[in-house]
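Structure data follow from work-v7.cif (mmCIF, C-alpha atoms):
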```
data_start
loop_
_atom_site.label_atom_id
_atom_site.label_comp_id
_atom_site.auth_asym_id
_atom_site.auth_seq_id
_atom_site.Cartn_x
_atom_site.Cartn_y
_atom_site.Cartn_z
CA MET A 23 90.89 61.89 118.50
CA GLY A 24 91.55 58.30 119.54
CA GLN A 25 95.32 58.23 119.25
CA GLU A 26 96.94 57.93 122.67
CA TRP A 27 99.57 60.41 123.81
CA ILE A 28 103.11 59.13 124.22
CA VAL A 29 104.21 60.45 127.61
CA LEU A 30 107.50 62.36 127.55
CA ASP A 31 109.92 63.19 130.36
CA PRO A 32 109.94 67.02 130.56
CA ALA A 33 112.99 67.01 132.87
CA ARG A 34 115.07 65.20 130.23
CA LEU A 35 113.89 67.53 127.48
CA ALA A 36 114.61 70.59 129.62
CA GLU A 37 118.15 69.39 130.34
CA TYR A 38 120.86 71.54 128.80
CA LYS A 39 118.29 74.07 127.58
CA LYS A 40 120.12 76.86 129.36
CA GLU A 41 122.28 79.77 128.32
CA LYS A 42 124.14 82.71 129.86
CA LEU A 43 122.98 86.19 128.91
CA PRO A 44 125.79 88.03 127.10
CA GLY A 45 127.91 90.16 129.42
CA VAL A 46 125.99 89.20 132.57
CA GLU A 47 126.35 86.21 134.85
CA VAL A 48 122.71 85.29 134.56
CA THR A 49 121.29 81.94 133.51
CA VAL A 50 118.24 81.74 131.28
CA ALA A 51 116.55 78.33 131.18
CA VAL A 52 113.65 76.90 129.22
CA SER A 53 110.22 77.65 130.65
CA PRO A 54 108.11 74.66 131.79
CA TYR A 55 105.34 76.06 129.57
CA ASP A 56 107.58 75.41 126.54
CA VAL A 57 108.41 71.77 127.33
CA PRO A 58 105.89 69.23 126.01
CA ASP A 59 104.89 66.34 128.25
CA GLY A 60 103.26 64.34 125.47
CA VAL A 61 103.36 63.76 121.73
CA ARG A 62 101.10 61.83 119.37
CA ALA A 63 100.59 61.29 115.66
CA TYR A 64 97.62 60.37 113.52
CA TYR A 65 96.55 60.50 109.89
CA GLN A 66 93.88 63.10 109.26
CA ASP A 67 91.81 62.09 106.24
CA SER A 68 90.41 65.57 105.70
CA LEU A 69 93.94 66.97 105.35
CA ARG A 70 95.41 63.81 103.72
CA ARG A 71 98.36 64.33 106.02
CA LEU A 72 100.15 62.90 109.04
CA VAL A 73 99.58 65.19 112.03
CA ILE A 74 102.10 65.26 114.88
CA GLU A 75 100.80 67.05 118.00
CA PHE A 76 102.64 68.27 121.10
CA ARG A 77 100.92 68.52 124.50
CA TYR A 78 101.85 71.31 126.92
CA LEU A 79 100.78 72.58 130.35
CA GLY A 80 98.08 74.76 128.87
CA LEU A 81 96.00 75.14 125.75
CA GLU A 82 95.64 78.10 123.45
CA PRO A 83 94.19 78.67 119.98
CA PHE A 84 96.63 78.01 117.14
CA LYS A 85 97.02 79.24 113.58
CA ARG A 86 98.15 77.09 110.63
CA VAL A 87 101.30 78.37 108.95
CA THR A 88 102.15 76.76 105.61
CA LYS A 89 105.92 76.40 105.32
CA SER A 90 106.14 74.40 102.08
CA GLN A 91 104.11 72.28 99.70
CA TYR A 92 104.31 69.40 102.18
CA VAL A 93 104.55 70.91 105.67
CA THR A 94 102.20 73.13 107.68
CA LEU A 95 102.92 74.14 111.28
CA ARG A 96 100.38 74.78 114.02
CA ILE A 97 101.60 77.81 115.94
CA GLY A 98 100.11 79.12 119.22
CA LYS A 99 98.45 82.50 118.59
CA ASN A 100 99.74 84.03 121.84
CA SER A 101 102.98 82.22 122.62
CA GLU A 102 104.06 81.20 119.08
CA ARG A 103 104.70 77.76 120.59
CA LEU A 104 104.71 74.79 118.18
CA TYR A 105 101.51 72.80 118.83
CA GLY A 106 101.67 70.52 115.83
CA ILE A 107 103.02 69.65 112.41
CA GLU A 108 100.94 68.52 109.43
CA VAL A 109 103.05 66.71 106.87
CA ASN A 110 102.25 65.07 103.55
CA VAL A 111 104.51 62.07 104.07
CA ASP A 112 103.67 60.45 100.72
CA GLY A 113 104.41 63.62 98.77
CA ALA A 114 107.55 64.48 100.74
CA GLY A 115 109.00 60.97 100.34
CA ALA A 116 112.15 59.99 102.23
CA GLN A 117 112.87 63.63 103.12
CA TRP A 118 109.73 64.05 105.23
CA VAL A 119 111.57 64.36 108.57
CA ALA A 120 114.19 66.71 107.10
CA LEU A 121 111.40 68.89 105.64
CA MET A 122 109.74 69.14 109.06
CA VAL A 123 113.06 70.14 110.64
CA ARG A 124 113.62 72.77 107.94
CA ALA A 125 110.09 74.15 108.47
CA ILE A 126 110.75 74.50 112.22
CA GLU A 127 114.08 76.23 111.57
CA GLU A 128 112.41 78.67 109.16
CA GLN A 129 109.70 79.41 111.71
CA VAL A 130 112.38 80.37 114.26
CA GLN A 131 113.37 83.22 111.92
CA ALA A 132 109.75 84.31 111.52
CA ARG A 133 109.05 84.51 115.27
CA LYS A 134 107.96 87.81 116.77
CA VAL A 135 108.39 86.86 120.45
CA HIS A 136 111.63 87.58 122.32
CA GLY A 137 113.93 84.98 123.81
CA THR A 138 115.75 81.83 122.83
CA PRO A 139 113.59 79.44 120.78
CA PHE A 140 113.94 76.59 123.32
CA ASN A 141 110.49 75.24 122.38
CA TYR A 142 111.42 74.87 118.71
CA ASP A 143 114.75 73.23 119.68
CA ILE A 144 112.84 70.63 121.71
CA ALA A 145 110.28 70.03 118.94
CA LYS A 146 113.08 69.59 116.43
CA GLN A 147 114.83 67.12 118.71
CA LEU A 148 111.57 65.16 119.14
CA VAL A 149 110.75 64.87 115.43
CA GLU A 150 114.31 63.77 114.70
CA GLU A 151 114.29 61.19 117.51
CA LYS A 152 110.71 59.96 117.30
CA GLY A 153 109.48 60.89 113.80
CA GLN A 154 109.77 57.39 112.30
CA GLU A 155 108.26 55.73 115.39
CA LEU A 156 105.35 58.20 115.42
CA ARG A 157 104.63 57.51 111.75
CA ARG A 158 104.71 53.72 112.30
CA THR A 159 102.27 53.88 115.19
CA ALA A 160 99.96 56.56 113.76
CA VAL A 161 96.35 55.56 113.19
CA VAL A 162 93.69 57.18 111.01
CA GLY A 163 92.06 59.93 113.09
CA MET B 7 72.51 96.33 116.44
CA ALA B 8 74.64 95.59 113.32
CA ALA B 9 71.61 94.07 111.58
CA LEU B 10 69.49 97.06 112.53
CA LEU B 11 72.02 99.48 111.03
CA LYS B 12 71.82 97.62 107.71
CA TRP B 13 68.02 97.84 107.64
CA ASP B 14 66.56 100.27 105.11
CA PRO B 15 62.88 101.00 106.05
CA ALA B 16 62.16 102.12 102.46
CA LYS B 17 63.30 98.80 100.97
CA VAL B 18 62.25 96.33 103.67
CA VAL B 19 58.74 97.29 104.74
CA LEU B 20 57.74 96.02 108.18
CA PRO B 21 54.37 96.20 109.97
CA PRO B 22 53.98 99.58 111.80
CA LEU B 23 53.89 97.84 115.18
CA VAL B 24 57.45 96.56 114.60
CA ALA B 25 58.75 99.34 112.36
CA THR B 26 57.97 102.28 114.70
CA PRO B 27 60.12 101.13 117.69
CA LEU B 28 62.86 99.95 115.31
CA ILE B 29 63.02 103.36 113.58
CA ARG B 30 63.30 105.03 117.02
CA LEU B 31 66.06 102.60 117.95
CA LEU B 32 67.82 103.33 114.64
CA GLY B 33 67.83 107.03 115.52
CA LEU B 34 69.48 106.21 118.84
CA ALA B 35 72.05 103.86 117.26
CA PRO B 36 75.13 106.15 117.48
CA ILE B 37 74.46 106.84 121.18
CA LEU B 38 73.76 103.17 121.88
CA ILE B 39 77.01 102.09 120.20
CA ILE B 40 78.98 104.52 122.39
CA VAL B 41 77.12 103.29 125.50
CA PHE B 42 77.80 99.62 124.63
CA VAL B 43 81.50 100.33 124.11
CA LEU B 44 81.74 102.22 127.41
CA VAL B 45 79.79 99.57 129.36
CA GLY B 46 81.91 96.79 127.80
CA GLY B 47 85.13 98.60 128.69
CA ALA B 48 83.93 99.41 132.21
CA SER B 49 82.86 95.83 132.92
CA ARG B 50 86.27 94.58 131.73
CA TRP B 51 88.00 97.16 133.94
CA VAL B 52 85.93 96.11 136.96
CA ARG B 53 86.42 92.39 136.24
CA GLN B 54 90.20 92.86 136.07
CA ARG B 55 90.20 94.52 139.47
CA ILE B 56 87.96 92.15 141.31
CA THR B 57 89.71 89.06 142.52
CA SER B 58 87.62 86.95 144.81
CA PRO B 59 88.99 86.31 148.31
CA GLN B 60 88.74 82.59 147.55
CA THR B 61 90.96 82.94 144.45
CA LEU B 62 93.46 85.01 146.41
CA ALA B 63 93.45 82.39 149.17
CA THR B 64 94.16 79.66 146.60
CA ILE B 65 97.01 81.69 145.10
CA GLN B 66 98.39 82.28 148.61
CA TRP B 67 98.21 78.54 149.32
CA ILE B 68 100.14 77.74 146.12
CA LEU B 69 102.85 80.29 146.96
CA ASN B 70 103.15 79.04 150.56
CA ARG B 71 103.37 75.44 149.34
CA LEU B 72 106.05 76.35 146.81
CA GLN B 73 108.01 78.17 149.52
CA GLU B 74 107.76 75.15 151.86
CA ASP B 75 108.77 72.68 149.14
CA THR B 76 111.66 74.81 147.94
CA PHE B 77 113.04 75.85 151.32
CA HIS B 78 112.08 72.99 153.64
CA GLU B 79 115.69 72.67 154.87
CA GLU B 80 116.03 76.40 155.54
CA ASN B 81 112.61 76.56 157.25
CA ALA B 82 113.51 73.53 159.40
CA ALA B 83 116.80 75.19 160.33
CA GLY B 84 114.85 78.18 161.65
CA GLN B 85 115.60 80.71 158.91
CA PRO B 86 112.90 83.42 158.92
CA LEU B 87 110.30 82.92 156.17
CA HIS B 88 110.87 86.44 154.79
CA GLU B 89 114.47 85.48 153.93
CA ASN B 90 113.20 82.98 151.36
CA ARG B 91 110.08 84.33 149.67
CA VAL B 92 107.83 83.62 146.72
CA THR B 93 106.03 86.58 145.12
CA LEU B 94 103.50 86.61 142.29
CA PHE B 95 103.39 89.71 140.08
CA LYS B 96 100.64 90.62 137.62
CA HIS B 97 101.42 92.54 134.46
CA GLY B 98 99.32 95.65 133.97
CA HIS B 99 98.94 99.36 134.51
CA SER B 100 99.88 100.90 137.84
CA SER B 101 97.51 103.37 139.52
CA TYR B 102 100.39 105.74 140.22
CA HIS B 103 102.87 105.33 137.36
CA LEU B 104 102.71 105.57 133.59
CA GLY B 105 103.51 102.57 131.42
CA ARG B 106 103.10 98.86 132.12
CA TRP B 107 104.43 97.21 135.27
CA LEU B 108 104.73 93.95 137.15
CA ILE B 109 102.69 94.58 140.29
CA PRO B 110 102.67 92.24 143.33
CA VAL B 111 99.47 90.24 143.84
CA ALA B 112 100.46 87.83 146.61
CA ARG B 113 103.51 86.72 148.57
CA SER B 114 104.29 83.63 150.61
CA GLY B 115 104.27 83.81 154.41
CA HIS B 116 102.72 86.48 156.58
CA MET B 117 105.47 89.11 156.76
CA THR B 118 106.23 91.72 154.05
CA GLN B 119 102.78 91.29 152.47
CA GLY B 120 102.26 95.01 151.91
CA THR B 121 105.23 95.36 149.59
CA ASP B 122 105.48 98.42 147.34
CA ILE B 123 107.99 96.77 145.00
CA ARG B 124 107.14 96.84 141.30
CA PHE B 125 109.09 96.48 138.09
CA ARG B 126 108.67 98.23 134.76
CA ALA B 127 107.78 95.75 132.01
CA GLY B 128 106.94 97.45 128.73
CA ASP B 129 107.33 96.13 125.20
CA ASP B 130 110.53 98.10 124.69
CA PRO B 131 113.58 96.20 126.09
CA ALA B 132 114.74 99.53 127.60
CA GLU B 133 111.58 99.46 129.73
CA LEU B 134 112.38 96.20 131.49
CA GLU B 135 113.33 96.19 135.14
CA GLY B 136 114.48 93.52 137.50
CA VAL B 137 114.87 89.79 137.19
CA ALA B 138 111.05 89.63 137.03
CA GLY B 139 110.94 91.97 134.03
CA ARG B 140 113.60 89.92 132.26
CA ALA B 141 111.78 86.60 132.84
CA TRP B 142 108.52 88.18 131.67
CA ALA B 143 110.10 89.50 128.47
CA LEU B 144 112.09 86.36 127.64
CA ARG B 145 109.22 83.96 128.53
CA SER B 146 111.82 81.88 130.37
CA GLN B 147 113.24 81.00 133.75
CA VAL B 148 115.92 83.47 134.83
CA ILE B 149 118.37 82.56 137.58
CA VAL B 150 120.74 85.00 139.27
CA GLU B 151 123.12 83.76 141.96
CA ASP B 152 126.06 84.81 144.12
CA LEU B 153 125.02 88.43 144.40
CA PRO B 154 127.12 90.69 146.61
CA ASP B 155 125.68 91.14 150.10
CA LEU B 156 124.57 94.78 150.24
CA ASN B 157 122.87 94.28 153.58
CA GLN B 158 126.18 94.42 155.43
CA PHE B 159 126.83 97.83 156.92
CA VAL B 160 130.57 97.25 157.32
CA LEU B 161 131.47 97.74 153.66
CA SER B 162 133.84 100.57 152.80
CA PRO B 163 132.41 103.23 150.41
CA ALA B 164 134.55 101.95 147.51
CA THR B 165 133.57 98.32 148.13
CA GLN B 166 129.93 99.35 148.53
CA GLU B 167 130.08 101.21 145.21
CA ARG B 168 131.56 98.20 143.39
CA ALA B 169 129.04 95.88 145.01
CA LEU B 170 126.14 98.16 144.03
CA GLN B 171 127.38 98.25 140.46
CA GLU B 172 127.64 94.45 140.26
CA TYR B 173 124.26 93.90 141.93
CA ALA B 174 122.54 96.40 139.64
CA LYS B 175 124.04 94.86 136.51
CA LYS B 176 123.11 91.30 137.44
CA THR B 177 119.56 92.13 138.52
CA PHE B 178 118.70 94.66 135.78
CA VAL B 179 117.93 97.56 138.09
CA THR B 180 119.63 100.92 138.52
CA GLN B 181 122.00 101.77 141.36
CA GLU B 182 119.59 104.55 142.30
CA TRP B 183 116.80 101.97 142.69
CA LEU B 184 119.05 99.89 144.95
CA ARG B 185 120.02 102.90 147.07
CA LYS B 186 116.33 103.71 147.59
CA ARG B 187 115.63 100.15 148.76
CA LEU B 188 118.60 100.26 151.12
CA SER B 189 117.62 103.66 152.51
CA LYS B 190 114.21 102.16 153.37
CA ARG B 191 116.07 99.31 155.12
CA LYS B 192 114.62 96.78 152.67
CA PRO B 193 116.83 93.68 152.57
CA LEU B 194 118.26 92.71 149.18
CA ALA B 195 118.38 89.02 148.33
CA LEU B 196 121.53 87.13 147.37
CA SER B 197 119.85 84.99 144.69
CA TYR B 198 116.75 85.14 142.52
CA TYR B 199 114.73 82.71 140.48
CA ALA B 200 112.06 84.21 138.21
CA ILE B 201 109.64 82.72 135.72
CA HIS B 202 106.94 84.25 133.55
CA VAL B 203 103.39 83.13 134.29
CA GLU B 204 101.03 82.30 131.44
CA VAL B 205 97.31 81.94 130.95
CA ARG B 206 96.14 80.36 127.67
CA GLY B 207 99.54 80.98 126.10
CA ALA B 208 99.49 84.72 126.89
CA ARG B 209 101.81 86.29 129.47
CA TRP B 210 99.91 87.07 132.69
CA GLY B 211 102.80 88.09 134.94
CA ALA B 212 105.84 86.69 136.70
CA LEU B 213 106.73 84.69 139.79
CA VAL B 214 109.90 85.48 141.73
CA ILE B 215 111.65 83.46 144.42
CA ASP B 216 114.19 85.55 146.28
CA SER B 217 116.49 84.16 148.88
CA MET B 218 119.23 85.15 151.30
CA ASN B 219 121.04 81.99 150.17
CA PRO B 220 123.65 82.81 147.52
CA LYS B 221 122.61 79.77 145.44
CA ALA B 222 119.13 79.58 143.91
CA LYS B 223 117.26 76.37 144.59
CA ILE B 224 116.81 75.26 141.02
CA GLY B 225 118.01 72.16 139.29
CA LEU B 226 116.74 69.33 137.15
CA GLU B 227 115.16 67.74 140.21
CA ASP B 228 113.10 70.91 140.67
CA GLU B 229 111.59 70.80 137.17
CA GLY B 230 108.57 68.79 138.32
CA ARG B 231 107.89 71.20 141.20
CA TYR B 232 107.86 74.30 138.99
CA ARG B 233 105.88 72.48 136.33
CA LEU B 234 103.18 71.57 138.84
CA MET B 235 103.12 75.10 140.23
CA ALA B 236 102.89 76.66 136.74
CA GLY B 237 100.02 74.32 135.81
CA LEU B 238 98.12 75.02 139.05
CA LEU B 239 98.58 78.79 138.79
CA GLN B 240 97.43 78.75 135.19
CA LYS B 241 94.18 77.04 136.15
CA VAL B 242 93.52 79.41 139.06
CA LEU B 243 94.43 82.55 137.11
CA GLU B 244 92.17 81.72 134.18
CA GLY B 245 89.36 83.33 136.18
CA VAL B 246 91.34 86.40 137.31
#
```
With the file now loaded, output its structure as structure tokens.
Amino acid sequence: MGQEWIVLDPARLAEYKKEKLPGVEVTVAVSPYDVPDGVRAYYQDSLRRLVIEFRYLGLEPFKRVTKSQYVTLRIGKNSERLYGIEVNVDGAGAQWVALMVRAIEEQVQARKVHGTPFNYDIAKQLVEEKGQELRRTAVVG
Amino acid sequence: MAALLKWDPAKVVLPPLVATPLIRLLGLAPILIIVFVLVGGASRWVRQRITSPQTLATIQWILNRLQEDTFHEENAAGQPLHENRVTLFKHGHSSYHLGRWLIPVARSGHMTQGTDIRFRAGDDPAELEGVAGRAWALRSQVIVEDLPDLNQFVLSPATQERALQEYAKKTFVTQEWLRKRLSKRKPLALSYYAIHVEVRGARWGALVIDSMNPKAKIGLEDEGRYRLMAGLLQKVLEGV
């Protein structure tokens, strides 16, 4: 895949991703494994879709989870981390970013792992902030 | 073996030179399958228990480096290393206890290496012990600060009781567990930082930094340090 990664600042993304456990004075903060340090987008001809990928500290196999007619998520088989989003931008029209956000929110409900979905919060923030830019700069992969 | 099991000698006729040993092998198939399963399981068991001295030395180096980076001011001020420690726990079965546990693999420094501390970490939330168990289950960083100082021997019984209760609640252990530690004259830290450790997206164990400082050394400026450590450990542990 030729598309270059856009380098992210994990410290900025990790900021404010903290919470207090109910009834105990204990702070739970996002794991560094859940904070991407890179993002990229490309058009995959075989899928006829725009693919947005997130880069993390480690790699793991992912499964494709279809969330709607236009959006499929790539979910880590072990961690349930969001590794990528495949979106039919032409079919989804102007709502393509909103549909990605909705797919991520639905996936939060479907999760089997414990803990706050910090990783999905960060991914949602990134597609909202950078979705249009990623689409503009995406090349055919 | 799977292909052999599907072979029907009456339908697929082979030359006698090939067919005779294959028919013998077919007769032994049930025993061979059991042997393969046992050998596979045994080799996995052995592999899990063998950690090369070189790998252990690398893990030790990472933990020492993390301790030095995190507590350089305390070390420079002459605080003993065992008052600010980094310990790596592996998730698995204990030789002496039922269930699944976080068992120490390595610890920074030279003192307190032979620790017997371990925390229950099963799938059931009721089977989670300690800050390590919580970080492992939540796949997050867990920070506990400003714990009461149970190492003081001047506390009145009532104050001691209240302090034990608070400490136990904040660190997810029982008061009985704390009393046992204290009776063995094991010091109890005033702050903890714990994080789960992953290999290929799967939980491998947990890393705990305990300190006699009431405030844990963790902030935004530390993100890069823990990120580097998590990445390094992941690479080293892939072979363990």
(message) Please expand the PyMOL selection byres ((chain A and resi 47-57) around 6) into the concrete residues it hits in this file, giving the result as a PyMOL selection string.
(response) (chain A and resi 32+39-43+46+58+79+140-141) or (chain B and resi 146-150+233)
(request) Specify as a ChimeraX atom specification all residues of chain B found within 9 Å of chain A, counting all atoms listed in the file. (result) /B:141,143-151,175-177,201-209,226-230,232-234,236-237,240-241
(message) If I take CA of Leu156 in chain A and CA of Val73 in chain A, how far is one from the other in Å, to one decimal?
(response)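 A separation of 9.7 Å between them.
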Kindly resolve the PyMOL selection byres ((chain A and resi 129) around 12) on the present coordinates and return the residues as a short mmCIF file (atom, residue, chain, number, x, y, z; two decimals) with C-alpha atoms, in the coordinates of the input.
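File produced: expr-v8.cif:
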```cif
data_model
loop_
_atom_site.label_atom_id
_atom_site.label_comp_id
_atom_site.auth_asym_id
_atom_site.auth_seq_id
_atom_site.Cartn_x
_atom_site.Cartn_y
_atom_site.Cartn_z
CA ARG A 86 98.15 77.09 110.63
CA VAL A 87 101.30 78.37 108.95
CA THR A 88 102.15 76.76 105.61
CA LYS A 89 105.92 76.40 105.32
CA SER A 90 106.14 74.40 102.08
CA VAL A 93 104.55 70.91 105.67
CA THR A 94 102.20 73.13 107.68
CA LEU A 95 102.92 74.14 111.28
CA ARG A 96 100.38 74.78 114.02
CA ILE A 97 101.60 77.81 115.94
CA GLU A 102 104.06 81.20 119.08
CA ARG A 103 104.70 77.76 120.59
CA LEU A 104 104.71 74.79 118.18
CA ILE A 107 103.02 69.65 112.41
CA MET A 122 109.74 69.14 109.06
CA VAL A 123 113.06 70.14 110.64
CA ARG A 124 113.62 72.77 107.94
CA ALA A 125 110.09 74.15 108.47
CA ILE A 126 110.75 74.50 112.22
CA GLU A 127 114.08 76.23 111.57
CA GLU A 128 112.41 78.67 109.16
CA VAL A 130 112.38 80.37 114.26
CA GLN A 131 113.37 83.22 111.92
CA ALA A 132 109.75 84.31 111.52
CA ARG A 133 109.05 84.51 115.27
CA LYS A 134 107.96 87.81 116.77
CA VAL A 135 108.39 86.86 120.45
CA PRO A 139 113.59 79.44 120.78
CA ASN A 141 110.49 75.24 122.38
CA TYR A 142 111.42 74.87 118.71
CA ASP A 143 114.75 73.23 119.68
CA ALA A 145 110.28 70.03 118.94
CA LYS A 146 113.08 69.59 116.43
#
```
(request) Report the distance between CA of Ser114 in chain B and CA of Thr93 in chain B in Å, rounded to one decimal place. (result)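 Going from CA of Ser114 in chain B over to CA of Thr93 in chain B, I get 6.5 Å.
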(request) Name the closest residue to Ala169 in chain B among the candidates B:Val111, B:Leu194, B:Leu94, B:Leu239; distances are taken between atoms, counting all atoms listed in the file. (result) B:Leu194
Residue contacts of Glu133 in chain B (10 Å, all atoms listed in the file) excluding same-chain residues fewer than 6 positions away, as a PDB file with C-alpha atoms, in the frame of the given file:
```
ATOM      1  CA  GLY B 105     103.510 102.570 131.420  1.00  0.00           C
ATOM      2  CA  ARG B 106     103.100  98.860 132.120  1.00  0.00           C
ATOM      3  CA  TRP B 107     104.430  97.210 135.270  1.00  0.00           C
ATOM      4  CA  PHE B 125     109.090  96.480 138.090  1.00  0.00           C
ATOM      5  CA  ARG B 126     108.670  98.230 134.760  1.00  0.00           C
ATOM      6  CA  ALA B 127     107.780  95.750 132.010  1.00  0.00           C
ATOM      7  CA  GLY B 139     110.940  91.970 134.030  1.00  0.00           C
TER       8      GLY B 139
END
```
(message) Report, in Å to a single decimal, how far apart CA of Ile224 in chain B and CA of Glu74 in chain B are.
(response)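 Between these atoms lies a distance of 14.1 Å.
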(request) List the residues selected by the PyMOL selection byres ((chain A and resi 119) around 7) in the file shown, writing them as an MDAnalysis selection string. (result) chainID A and resid 117:118 120:123 149:150 153
(message) Neighbouring residues of Arg77 in chain A were defined as those with any atom within 10 Å, considering all atoms listed in the file; residues of the same chain fewer than 6 positions away were excluded. Please report them as a count of residues only.
(response) 14
(message) I'd like the neighbourhood of Val92 in chain B as a ChimeraX atom specification, where a residue qualifies if any of its atoms comes within 12 Å (using all atoms listed in the file), though same-chain residues fewer than 5 positions away should be ignored.
(response) /B:65-77,87,110-119,138,195,198-201,212-217,235
